[in-house]
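This report refers to the structure that appears directly beneath it.
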Amino acid sequence: MASTRKSHEKHHTLSAEDRKKMSDSTYAFPNERKEPLNDASHVRNAIARFDQVKGVSDSEREQAFKRIKAAAKKDGIDMPETNWKELGKKPHTRNAAHKKAS
């Protein structure tokens with residue numbers, strides 16, 4: 001199956017049909033087909049939601065982390081974490097909901 005990775009295209013919502021066309025290797029968690037890595041926006045989303053993925057083993061998380069890290073590098077996304085256990089400890093986006101109250 002051909003790669004559906006789109007490094008520099010604007011993010012769009014993936015339809016069910018879009019997801020069916022994507023190869024398993026396009027996902028951070030290919031067995032579950034969770035967290036697509038088809039463009040920079042989806043890579044950022046996979047980073048932000050990594051700790052929210054349920055029903056996967058630590059081994060699957062390790063492999064997903066490697067896929068996300070590679071996709072982030074390809075898309076020029078700064079990802080300083082060196083271990084999957086570091087994801088989810090701090091937000092990657094500037095969001096008012098994450099700011100501490102003064």
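Labels for the structure tokens follow display order: chains A, B, ..., residues from 1 in each chain, ligands from 1.
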
- Can you pull out every residue within 9 Å of Lys34 (chain A), counting only C-alpha atoms, but drop anything in the same chain fewer than 5 positions away, and send it as number ranges by chain? A: 27-29, 46, 53

Non-local contacts of Asn83 (chain A) (10 Å; only C-alpha atoms; under 5 positions in same chain excluded) as a PDB file with all heavy atoms, in the first residue's frame:
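Output below, filename out-v4.pdb:
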```pdb
ATOM      1  N   ARG A  61       3.824   1.134  23.188  1.00  0.00           N
ATOM      2  CA  ARG A  61       4.104   2.553  23.418  1.00  0.00           C
ATOM      3  C   ARG A  61       5.535   2.898  22.982  1.00  0.00           C
ATOM      4  O   ARG A  61       5.772   3.938  22.392  1.00  0.00           O
ATOM      5  CB  ARG A  61       3.895   2.925  24.880  1.00  0.00           C
ATOM      6  CG  ARG A  61       2.448   3.016  25.257  1.00  0.00           C
ATOM      7  CD  ARG A  61       2.255   3.655  26.624  1.00  0.00           C
ATOM      8  NE  ARG A  61       0.871   3.564  27.007  1.00  0.00           N
ATOM      9  CZ  ARG A  61      -0.106   4.360  26.551  1.00  0.00           C
ATOM     10  NH1 ARG A  61       0.172   5.312  25.705  1.00  0.00           N
ATOM     11  NH2 ARG A  61      -1.347   4.198  26.950  1.00  0.00           N
ATOM     12  N   GLU A  62       6.476   2.023  23.293  1.00  0.00           N
ATOM     13  CA  GLU A  62       7.868   2.248  22.902  1.00  0.00           C
ATOM     14  C   GLU A  62       7.990   2.333  21.378  1.00  0.00           C
ATOM     15  O   GLU A  62       8.647   3.234  20.850  1.00  0.00           O
ATOM     16  CB  GLU A  62       8.763   1.124  23.440  1.00  0.00           C
ATOM     17  CG  GLU A  62      10.225   1.282  23.083  1.00  0.00           C
ATOM     18  CD  GLU A  62      10.888   2.496  23.717  1.00  0.00           C
ATOM     19  OE1 GLU A  62      10.521   2.867  24.844  1.00  0.00           O
ATOM     20  OE2 GLU A  62      11.778   3.089  23.062  1.00  0.00           O
ATOM     21  N   PHE A  65       6.322   5.532  20.134  1.00  0.00           N
ATOM     22  CA  PHE A  65       7.178   6.680  20.422  1.00  0.00           C
ATOM     23  C   PHE A  65       8.234   6.825  19.328  1.00  0.00           C
ATOM     24  O   PHE A  65       8.482   7.931  18.834  1.00  0.00           O
ATOM     25  CB  PHE A  65       7.845   6.525  21.789  1.00  0.00           C
ATOM     26  CG  PHE A  65       8.779   7.647  22.125  1.00  0.00           C
ATOM     27  CD1 PHE A  65       8.300   8.850  22.609  1.00  0.00           C
ATOM     28  CD2 PHE A  65      10.147   7.498  21.945  1.00  0.00           C
ATOM     29  CE1 PHE A  65       9.165   9.894  22.908  1.00  0.00           C
ATOM     30  CE2 PHE A  65      11.018   8.530  22.241  1.00  0.00           C
ATOM     31  CZ  PHE A  65      10.530   9.728  22.723  1.00  0.00           C
ATOM     32  N   LYS A  66       8.844   5.730  18.923  1.00  0.00           N
ATOM     33  CA  LYS A  66       9.862   5.767  17.862  1.00  0.00           C
ATOM     34  C   LYS A  66       9.262   6.256  16.548  1.00  0.00           C
ATOM     35  O   LYS A  66       9.877   7.051  15.839  1.00  0.00           O
ATOM     36  CB  LYS A  66      10.492   4.389  17.680  1.00  0.00           C
ATOM     37  CG  LYS A  66      11.376   3.986  18.841  1.00  0.00           C
ATOM     38  CD  LYS A  66      11.915   2.585  18.653  1.00  0.00           C
ATOM     39  CE  LYS A  66      12.746   2.163  19.859  1.00  0.00           C
ATOM     40  NZ  LYS A  66      13.230   0.775  19.718  1.00  0.00           N
ATOM     41  N   LYS A  69       8.536  10.022  16.954  1.00  0.00           N
ATOM     42  CA  LYS A  69       9.799  10.763  16.971  1.00  0.00           C
ATOM     43  C   LYS A  69      10.332  10.912  15.537  1.00  0.00           C
ATOM     44  O   LYS A  69      10.762  12.001  15.144  1.00  0.00           O
ATOM     45  CB  LYS A  69      10.806  10.030  17.865  1.00  0.00           C
ATOM     46  CG  LYS A  69      12.073  10.771  18.130  1.00  0.00           C
ATOM     47  CD  LYS A  69      11.920  11.650  19.336  1.00  0.00           C
ATOM     48  CE  LYS A  69      13.280  12.215  19.723  1.00  0.00           C
ATOM     49  NZ  LYS A  69      13.172  13.306  20.662  1.00  0.00           N
TER      50      LYS A  69
END
```

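Ranking A:Arg67, A:Arg44, A:Arg49, A:Lys74 by their shortest atom-to-atom distance to Thr26 (chain A), with only C-alpha atoms included, puts A:Arg67 first.
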
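Coordinates place CA of Ala16 (chain A) at a distance of 24.4 Å from CA of Gln63 (chain A).
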
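Interatomic distance, CA of Gly76 (chain A) against CA of Asn45 (chain A): 14.5 Å.
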
- Task: Pick out the residues sitting within 9 Å of Asp51 (chain A), and hand them over as a VMD selection string; count only C-alpha atoms, and ignore anything fewer than 2 positions along from it in its own chain.
- Result: chain A and resid 47 to 49 53 to 54 84 to 85 87 to 89

- Task: Find the residues near region 30-32 of chain A: any atom within 9 Å, counting only C-alpha atoms, skip ones fewer than 3 places away on the same chain, and give them as a list of chain:residue names.
- Result: A:Ser23, A:Asp24, A:Ser25, A:Thr26, A:Tyr27, A:Glu35, A:Pro36, A:Gly55, A:Val56, A:Glu60, A:Ala64

Give me a file of those residues, with C-alpha atoms, as a PDB file, in the first residue's frame.
```
ATOM      1  CA  SER A  23      -1.443   1.800   5.509  1.00  0.00           C
ATOM      2  CA  ASP A  24      -0.991   0.489   9.042  1.00  0.00           C
ATOM      3  CA  SER A  25       2.534   1.935   9.077  1.00  0.00           C
ATOM      4  CA  THR A  26       1.068   5.448   8.860  1.00  0.00           C
ATOM      5  CA  TYR A  27      -0.190   5.098  12.444  1.00  0.00           C
ATOM      6  CA  GLU A  35      -2.893   8.196  16.084  1.00  0.00           C
ATOM      7  CA  PRO A  36      -2.278   8.759  12.373  1.00  0.00           C
ATOM      8  CA  GLY A  55      -5.426  -0.639  25.633  1.00  0.00           C
ATOM      9  CA  VAL A  56      -1.791  -0.758  24.510  1.00  0.00           C
ATOM     10  CA  GLU A  60       3.589  -0.873  21.828  1.00  0.00           C
ATOM     11  CA  ALA A  64       4.806   4.200  18.797  1.00  0.00           C
TER      12      ALA A  64
END
```

- Query: In region 29-85 of chain A, what's strand (DSSP E or B) per DSSP? Answer as a list in words?
  - Reply: Phe29, Lys34, Glu35 and Pro36 of chain A

Keeping only N, CA and C atoms, write the selected residues to a file as a PDB file, in the first residue's frame.
```pdb
ATOM      1  N   PHE A  29       0.290   3.728  16.420  1.00  0.00           N
ATOM      2  CA  PHE A  29      -0.088   2.426  16.973  1.00  0.00           C
ATOM      3  C   PHE A  29      -0.749   1.632  15.835  1.00  0.00           C
ATOM      4  N   LYS A  34      -4.363   3.606  15.621  1.00  0.00           N
ATOM      5  CA  LYS A  34      -4.599   4.809  16.425  1.00  0.00           C
ATOM      6  C   LYS A  34      -3.486   5.811  16.183  1.00  0.00           C
ATOM      7  N   GLU A  35      -3.815   7.066  16.219  1.00  0.00           N
ATOM      8  CA  GLU A  35      -2.893   8.196  16.084  1.00  0.00           C
ATOM      9  C   GLU A  35      -2.183   8.206  14.732  1.00  0.00           C
ATOM     10  N   PRO A  36      -2.905   8.667  13.692  1.00  0.00           N
ATOM     11  CA  PRO A  36      -2.278   8.759  12.373  1.00  0.00           C
ATOM     12  C   PRO A  36      -1.130   9.777  12.375  1.00  0.00           C
TER      13      PRO A  36
END
```
